[in-house]
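**Q** Take a look at my_file-v6.json, JSON, C-alpha atoms:
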```
[["chain", "number", "residue", "atom", "x", "y", "z"],
["A", 1372, "MET", "CA", -2.91, 3.39, 17.39],
["A", 1373, "LYS", "CA", -4.42, 6.66, 16.20],
["A", 1374, "SER", "CA", -2.57, 8.80, 13.70],
["A", 1375, "SER", "CA", -0.76, 11.89, 14.85],
["A", 1376, "ILE", "CA", 1.38, 11.83, 11.73],
["A", 1377, "THR", "CA", 0.20, 13.92, 8.80],
["A", 1378, "SER", "CA", 2.01, 13.94, 5.49],
["A", 1379, "VAL", "CA", 1.38, 16.39, 2.67],
["A", 1380, "CYS", "CA", 2.70, 16.36, -0.90],
["A", 1381, "GLY", "CA", 1.64, 18.60, -3.80],
["A", 1382, "GLY", "CA", -2.13, 18.55, -3.48],
["A", 1383, "ALA", "CA", -2.40, 15.38, -1.39],
["A", 1384, "VAL", "CA", -2.69, 14.70, 2.31],
["A", 1385, "VAL", "CA", -2.50, 11.37, 4.12],
["A", 1386, "ARG", "CA", -5.19, 10.49, 6.65],
["A", 1387, "ARG", "CA", -6.35, 7.38, 8.45],
["A", 1388, "ALA", "CA", -8.76, 5.30, 6.36],
["A", 1389, "VAL", "CA", -12.30, 4.90, 7.66],
["A", 1390, "ALA", "CA", -14.93, 2.26, 6.95],
["A", 1391, "ARG", "CA", -16.65, 4.41, 4.30],
["A", 1392, "ASP", "CA", -13.40, 4.32, 2.24],
["A", 1393, "ALA", "CA", -13.69, 0.55, 1.74],
["A", 1394, "LYS", "CA", -15.52, 0.60, -1.60],
["A", 1395, "GLN", "CA", -13.19, 3.22, -3.06],
["A", 1396, "LEU", "CA", -10.11, 1.21, -1.96],
["A", 1397, "THR", "CA", -11.56, -1.98, -3.42],
["A", 1398, "ARG", "CA", -12.20, -0.22, -6.75],
["A", 1399, "LEU", "CA", -8.65, 1.15, -6.74],
["A", 1400, "VAL", "CA", -7.19, -2.35, -6.26],
["A", 1401, "ARG", "CA", -9.41, -4.07, -8.81],
["A", 1402, "GLY", "CA", -8.99, -1.30, -11.39],
["A", 1403, "SER", "CA", -5.20, -1.03, -11.21],
["A", 1404, "ARG", "CA", -3.49, -1.29, -14.61],
["A", 1405, "ALA", "CA", -0.61, -3.04, -12.83],
["A", 1406, "TYR", "CA", -2.90, -6.05, -12.47],
["A", 1407, "GLU", "CA", -4.08, -6.37, -16.05],
["A", 1408, "GLY", "CA", -3.46, -9.40, -18.22],
["A", 1409, "ARG", "CA", -1.84, -12.36, -16.48],
["A", 1410, "TYR", "CA", -2.07, -10.64, -13.09],
["A", 1411, "ALA", "CA", -5.82, -9.91, -13.26],
["A", 1412, "ALA", "CA", -6.88, -13.09, -11.43],
["A", 1413, "MET", "CA", -5.07, -12.00, -8.29],
["A", 1414, "VAL", "CA", -7.31, -8.97, -7.71],
["A", 1415, "ALA", "CA", -10.50, -10.02, -9.51],
["A", 1416, "GLY", "CA", -12.39, -10.84, -6.32],
["A", 1417, "TYR", "CA", -10.26, -8.80, -3.93],
["A", 1418, "ARG", "CA", -12.09, -6.73, -1.36],
["A", 1419, "VAL", "CA", -10.82, -4.17, 1.14],
["A", 1420, "GLY", "CA", -13.60, -4.30, 3.70],
["A", 1421, "PRO", "CA", -14.43, -2.09, 6.66],
["A", 1422, "ASP", "CA", -13.29, -4.91, 8.97],
["A", 1423, "TYR", "CA", -9.85, -4.91, 7.32],
["A", 1424, "ILE", "CA", -9.60, -1.13, 7.71],
["A", 1425, "GLU", "CA", -10.47, -1.39, 11.40],
["A", 1426, "ALA", "CA", -8.00, -4.24, 12.05],
["A", 1427, "HIS", "CA", -4.93, -2.72, 10.38],
["A", 1428, "GLU", "CA", -3.03, 0.52, 9.97],
["A", 1429, "VAL", "CA", -4.67, 1.67, 6.73],
["A", 1430, "PHE", "CA", -3.99, 5.18, 5.45],
["A", 1431, "VAL", "CA", -5.17, 7.00, 2.34],
["A", 1432, "ALA", "CA", -3.70, 9.86, 0.33],
["A", 1433, "VAL", "CA", -6.54, 12.15, -0.67],
["A", 1434, "ASP", "CA", -6.69, 14.92, -3.23],
["A", 1435, "THR", "CA", -6.87, 18.24, -1.37],
["A", 1436, "ASP", "CA", -8.11, 19.98, -4.53],
["A", 1437, "ASP", "CA", -11.13, 17.67, -4.82],
["A", 1438, "PRO", "CA", -14.11, 18.65, -2.62],
["A", 1439, "ALA", "CA", -15.08, 14.97, -2.44],
["A", 1440, "GLY", "CA", -11.59, 14.10, -1.17],
["A", 1441, "ARG", "CA", -10.98, 11.47, -3.83],
["A", 1442, "VAL", "CA", -8.50, 8.76, -2.81],
["A", 1443, "LEU", "CA", -5.26, 8.92, -4.81],
["A", 1444, "GLY", "CA", -3.66, 5.93, -3.13],
["A", 1445, "PHE", "CA", -3.45, 3.95, 0.09],
["A", 1446, "TYR", "CA", -1.34, 1.56, 2.11],
["A", 1447, "SER", "CA", -1.88, -1.00, 4.82],
["A", 1448, "LEU", "CA", 0.72, -1.72, 7.48],
["A", 1449, "VAL", "CA", 0.32, -4.96, 9.42],
["A", 1450, "LEU", "CA", 2.14, -4.64, 12.74],
["A", 1451, "VAL", "CA", 2.50, -8.32, 13.69],
["A", 1452, "PRO", "CA", 4.45, -9.57, 11.89],
["A", 1453, "PRO", "CA", 5.55, -6.24, 10.39],
["A", 1454, "GLU", "CA", 4.56, -6.13, 6.73],
["A", 1455, "LEU", "CA", 3.46, -3.60, 4.15],
["A", 1456, "ASP", "CA", 0.43, -5.62, 3.09],
["A", 1457, "LEU", "CA", -0.98, -3.29, 0.44],
["A", 1458, "LEU", "CA", 0.18, -0.17, -1.37],
["A", 1459, "PHE", "CA", -1.73, 1.13, -4.36],
["A", 1460, "VAL", "CA", -1.68, 4.44, -6.21],
["A", 1461, "ALA", "CA", -4.54, 5.26, -8.56],
["A", 1462, "ASP", "CA", -3.48, 5.06, -12.20],
["A", 1463, "ARG", "CA", -4.46, 8.72, -12.71],
["A", 1464, "ALA", "CA", -2.20, 9.80, -9.82],
["A", 1465, "GLN", "CA", 0.97, 7.92, -10.70],
["A", 1466, "GLY", "CA", 4.08, 10.00, -11.28],
["A", 1467, "ARG", "CA", 3.01, 12.69, -8.78],
["A", 1468, "GLY", "CA", 4.98, 11.43, -5.76],
["A", 1469, "ILE", "CA", 1.97, 9.82, -4.08],
["A", 1470, "GLY", "CA", 3.66, 6.41, -3.72],
["A", 1471, "ARG", "CA", 6.74, 8.02, -2.18],
["A", 1472, "LEU", "CA", 4.50, 10.04, 0.17],
["A", 1473, "LEU", "CA", 2.72, 6.87, 1.29],
["A", 1474, "VAL", "CA", 6.00, 5.03, 1.89],
["A", 1475, "GLU", "CA", 7.39, 7.93, 3.92],
["A", 1476, "HIS", "CA", 4.20, 7.96, 5.98],
["A", 1477, "MET", "CA", 4.35, 4.17, 6.46],
["A", 1478, "ARG", "CA", 7.95, 4.41, 7.68],
["A", 1479, "ALA", "CA", 6.94, 7.08, 10.20],
["A", 1480, "ARG", "CA", 4.05, 4.90, 11.42],
["A", 1481, "ALA", "CA", 6.35, 1.88, 11.70],
["A", 1482, "ARG", "CA", 8.87, 3.94, 13.67],
["A", 1483, "ALA", "CA", 6.11, 5.19, 15.99],
["A", 1484, "ALA", "CA", 5.03, 1.57, 16.55],
["A", 1485, "GLY", "CA", 8.59, 0.61, 17.53],
["A", 1486, "LEU", "CA", 9.28, -1.51, 14.46],
["A", 1487, "ASP", "CA", 12.84, -1.85, 13.14],
["A", 1488, "ARG", "CA", 11.92, -3.33, 9.75],
["A", 1489, "VAL", "CA", 8.90, -3.87, 7.51],
["A", 1490, "ARG", "CA", 8.65, -6.76, 5.04],
["A", 1491, "VAL", "CA", 7.23, -6.28, 1.53],
["A", 1492, "VAL", "CA", 6.21, -9.07, -0.82],
["A", 1493, "SER", "CA", 6.08, -7.10, -4.03],
["A", 1494, "HIS", "CA", 3.99, -7.39, -7.15],
["A", 1495, "PRO", "CA", 6.78, -8.08, -9.70],
["A", 1496, "PRO", "CA", 6.25, -4.84, -11.72],
["A", 1497, "ALA", "CA", 6.44, -2.78, -8.48],
["A", 1498, "GLU", "CA", 9.84, -4.06, -7.36],
["A", 1499, "GLY", "CA", 11.72, -1.17, -9.01],
["A", 1500, "PHE", "CA", 9.52, 1.35, -7.19],
["A", 1501, "TYR", "CA", 10.18, -0.26, -3.82],
["A", 1502, "ARG", "CA", 13.92, -0.28, -4.45],
["A", 1503, "ARG", "CA", 13.84, 3.40, -5.48],
["A", 1504, "VAL", "CA", 12.15, 4.34, -2.19],
["A", 1505, "GLY", "CA", 14.65, 2.43, -0.07],
["A", 1506, "ALA", "CA", 13.50, -1.19, 0.23],
["A", 1507, "LEU", "CA", 16.27, -3.77, 0.18],
["A", 1508, "PRO", "CA", 15.88, -7.14, -1.57],
["A", 1509, "THR", "CA", 15.84, -10.15, 0.75],
["A", 1510, "GLY", "CA", 14.69, -13.01, -1.47],
["A", 1511, "THR", "CA", 11.83, -14.44, -3.48],
["A", 1512, "VAL", "CA", 8.45, -15.75, -2.38],
["A", 1513, "SER", "CA", 7.41, -18.76, -4.44],
["A", 1514, "ALA", "CA", 4.16, -18.87, -6.37],
["A", 1515, "SER", "CA", 1.11, -20.13, -4.48],
["A", 1516, "PRO", "CA", -1.44, -21.16, -7.09],
["A", 1517, "PRO", "CA", -4.23, -20.64, -7.78],
["A", 1518, "ALA", "CA", -4.25, -17.14, -6.21],
["A", 1519, "VAL", "CA", -0.70, -16.20, -7.18],
["A", 1520, "ALA", "CA", 0.78, -18.09, -10.11],
["A", 1521, "TRP", "CA", 4.17, -16.33, -10.18],
["A", 1522, "ASP", "CA", 7.14, -15.83, -7.88],
["A", 1523, "ARG", "CA", 7.31, -12.46, -6.16],
["A", 1524, "PRO", "CA", 10.26, -10.39, -4.95],
["A", 1525, "GLU", "CA", 10.62, -10.07, -1.19],
["A", 1526, "LEU", "CA", 12.11, -6.86, 0.19],
["A", 1527, "GLU", "CA", 12.29, -4.99, 3.47],
["A", 1528, "PHE", "CA", 12.41, -1.45, 4.69],
["A", 1529, "LEU", "CA", 14.81, -0.85, 7.55],
["A", 1530, "ILE", "CA", 13.26, 1.55, 10.04],
["A", 1531, "PRO", "CA", 15.94, 3.64, 11.78]]
```
Would you encode the structure as structure tokens?
**A**
Amino acid sequence: MKSSITSVCGGAVVRRAVARDAKQLTRLVRGSRAYEGRYAAMVAGYRVGPDYIEAHEVFVAVDTDDPAGRVLGFYSLVLVPPELDLLFVADRAQGRGIGRLLVEHMRARARAAGLDRVRVVSHPPAEGFYRRVGALPTGTVSASPPAVAWDRPELEFLIP
């Protein structure tokens, strides 16, 4: 499904990710302060590859004031089963509404795909953000060592 949905928010625009974004997205994931300390092992070897970008609905928020179009954040929507697989905002861009912009875009994409809900298995520190942007708690996903050594909140976005 190609994107006909464009979202703009204070110096950022959302566009479909392309293969050449893969390295930048991987760096964003691995460098996230949200995954420091005890959470670091989860993203240490994580890679967002061109194949992943081609297989899923991956969108990036880019800085419109940056000639290089630096990525401020991104999300990945898996359609079957419906799940927000990834959502990251660059540390330097947090607090600017980029996460909210990405969630609004994701909801529009989900609606366009005919989905009525989208599951989120949240990184524990991100649960408050997801609740603030409208996700409803549905349970807890148990730890699955060695990759994930902690329980994670499960939420869902209802797509009207």
**Q** Which polymer residues have any atom within 8 Å of an atom of segment 1505-1517 of chain A, counting all atoms listed in the file, with same-chain residues fewer than 2 positions away left out, as a list in words?
**A** Val1492, Tyr1501, Arg1502, Arg1503, Val1519, Ala1520, Trp1521, Asp1522, Arg1523, Pro1524, Glu1525, Leu1526, Glu1527, Phe1528 and Leu1529 of chain A
**Q** Report the distance between atom CA of Val1460 of chain A and atom CA of Leu1443 of chain A in Å, rounded to one decimal place.
**A**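 We find that atom CA of Val1460 of chain A and atom CA of Leu1443 of chain A lie 5.9 Å from each other.
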**Q** Which one of A:Val1504, A:Val1419, A:Ala1405, A:Ala1393 sits closest to Glu1475 of chain A if you count only C-alpha atoms?
**A**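 That would be A:Val1504, the residue with the smallest distance to Glu1475 of chain A.
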**Q** My list of candidates is A:Met1413, A:Leu1450, A:Ala1497, A:Leu1458. Which is closest to Leu1399 of chain A when distances are computed with all atoms listed in the file?
**A**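 Ranked by minimum distance to Leu1399 of chain A, first place goes to A:Leu1458.
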**Q** Tell me, in Å to one decimal, how far atom CA of Thr1435 of chain A is from atom CA of Tyr1406 of chain A.
**A**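 Interatomic distance, atom CA of Thr1435 of chain A to atom CA of Tyr1406 of chain A: 27.0 Å.
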**Q** Can you give me N, CA and C atoms for segment 1490-1504 of chain A, written as a PDB file, in the frame of the given file?
**A**
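Saved as rebuild_18.pdb:
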```
ATOM      1  N   ARG A1490       8.556  -5.859   6.191  1.00  0.00           N
ATOM      2  CA  ARG A1490       8.650  -6.760   5.040  1.00  0.00           C
ATOM      3  C   ARG A1490       7.679  -6.316   3.944  1.00  0.00           C
ATOM      4  N   VAL A1491       8.085  -6.533   2.693  1.00  0.00           N
ATOM      5  CA  VAL A1491       7.230  -6.280   1.530  1.00  0.00           C
ATOM      6  C   VAL A1491       7.352  -7.470   0.592  1.00  0.00           C
ATOM      7  N   VAL A1492       6.235  -8.077   0.257  1.00  0.00           N
ATOM      8  CA  VAL A1492       6.210  -9.070  -0.820  1.00  0.00           C
ATOM      9  C   VAL A1492       5.606  -8.314  -1.994  1.00  0.00           C
ATOM     10  N   SER A1493       6.443  -8.025  -2.969  1.00  0.00           N
ATOM     11  CA  SER A1493       6.080  -7.100  -4.030  1.00  0.00           C
ATOM     12  C   SER A1493       5.411  -7.772  -5.225  1.00  0.00           C
ATOM     13  N   HIS A1494       4.487  -7.044  -5.821  1.00  0.00           N
ATOM     14  CA  HIS A1494       3.990  -7.390  -7.150  1.00  0.00           C
ATOM     15  C   HIS A1494       5.209  -7.210  -8.063  1.00  0.00           C
ATOM     16  N   PRO A1495       5.547  -8.183  -8.921  1.00  0.00           N
ATOM     17  CA  PRO A1495       6.780  -8.080  -9.700  1.00  0.00           C
ATOM     18  C   PRO A1495       7.004  -6.728 -10.407  1.00  0.00           C
ATOM     19  N   PRO A1496       5.994  -6.132 -11.077  1.00  0.00           N
ATOM     20  CA  PRO A1496       6.250  -4.840 -11.720  1.00  0.00           C
ATOM     21  C   PRO A1496       6.534  -3.696 -10.749  1.00  0.00           C
ATOM     22  N   ALA A1497       6.233  -3.859  -9.465  1.00  0.00           N
ATOM     23  CA  ALA A1497       6.440  -2.780  -8.480  1.00  0.00           C
ATOM     24  C   ALA A1497       7.801  -2.861  -7.800  1.00  0.00           C
ATOM     25  N   GLU A1498       8.569  -3.896  -8.052  1.00  0.00           N
ATOM     26  CA  GLU A1498       9.840  -4.060  -7.360  1.00  0.00           C
ATOM     27  C   GLU A1498      10.767  -2.848  -7.547  1.00  0.00           C
ATOM     28  N   GLY A1499      10.860  -2.329  -8.750  1.00  0.00           N
ATOM     29  CA  GLY A1499      11.720  -1.170  -9.010  1.00  0.00           C
ATOM     30  C   GLY A1499      11.305   0.032  -8.174  1.00  0.00           C
ATOM     31  N   PHE A1500      10.004   0.252  -8.038  1.00  0.00           N
ATOM     32  CA  PHE A1500       9.520   1.350  -7.190  1.00  0.00           C
ATOM     33  C   PHE A1500       9.994   1.161  -5.758  1.00  0.00           C
ATOM     34  N   TYR A1501       9.794  -0.022  -5.206  1.00  0.00           N
ATOM     35  CA  TYR A1501      10.180  -0.260  -3.820  1.00  0.00           C
ATOM     36  C   TYR A1501      11.682  -0.059  -3.612  1.00  0.00           C
ATOM     37  N   ARG A1502      12.468  -0.494  -4.563  1.00  0.00           N
ATOM     38  CA  ARG A1502      13.920  -0.280  -4.450  1.00  0.00           C
ATOM     39  C   ARG A1502      14.251   1.213  -4.493  1.00  0.00           C
ATOM     40  N   ARG A1503      13.575   1.956  -5.367  1.00  0.00           N
ATOM     41  CA  ARG A1503      13.840   3.400  -5.480  1.00  0.00           C
ATOM     42  C   ARG A1503      13.495   4.157  -4.189  1.00  0.00           C
ATOM     43  N   VAL A1504      12.529   3.646  -3.431  1.00  0.00           N
ATOM     44  CA  VAL A1504      12.150   4.340  -2.190  1.00  0.00           C
ATOM     45  C   VAL A1504      12.802   3.705  -0.963  1.00  0.00           C
TER      46      VAL A1504
END
```
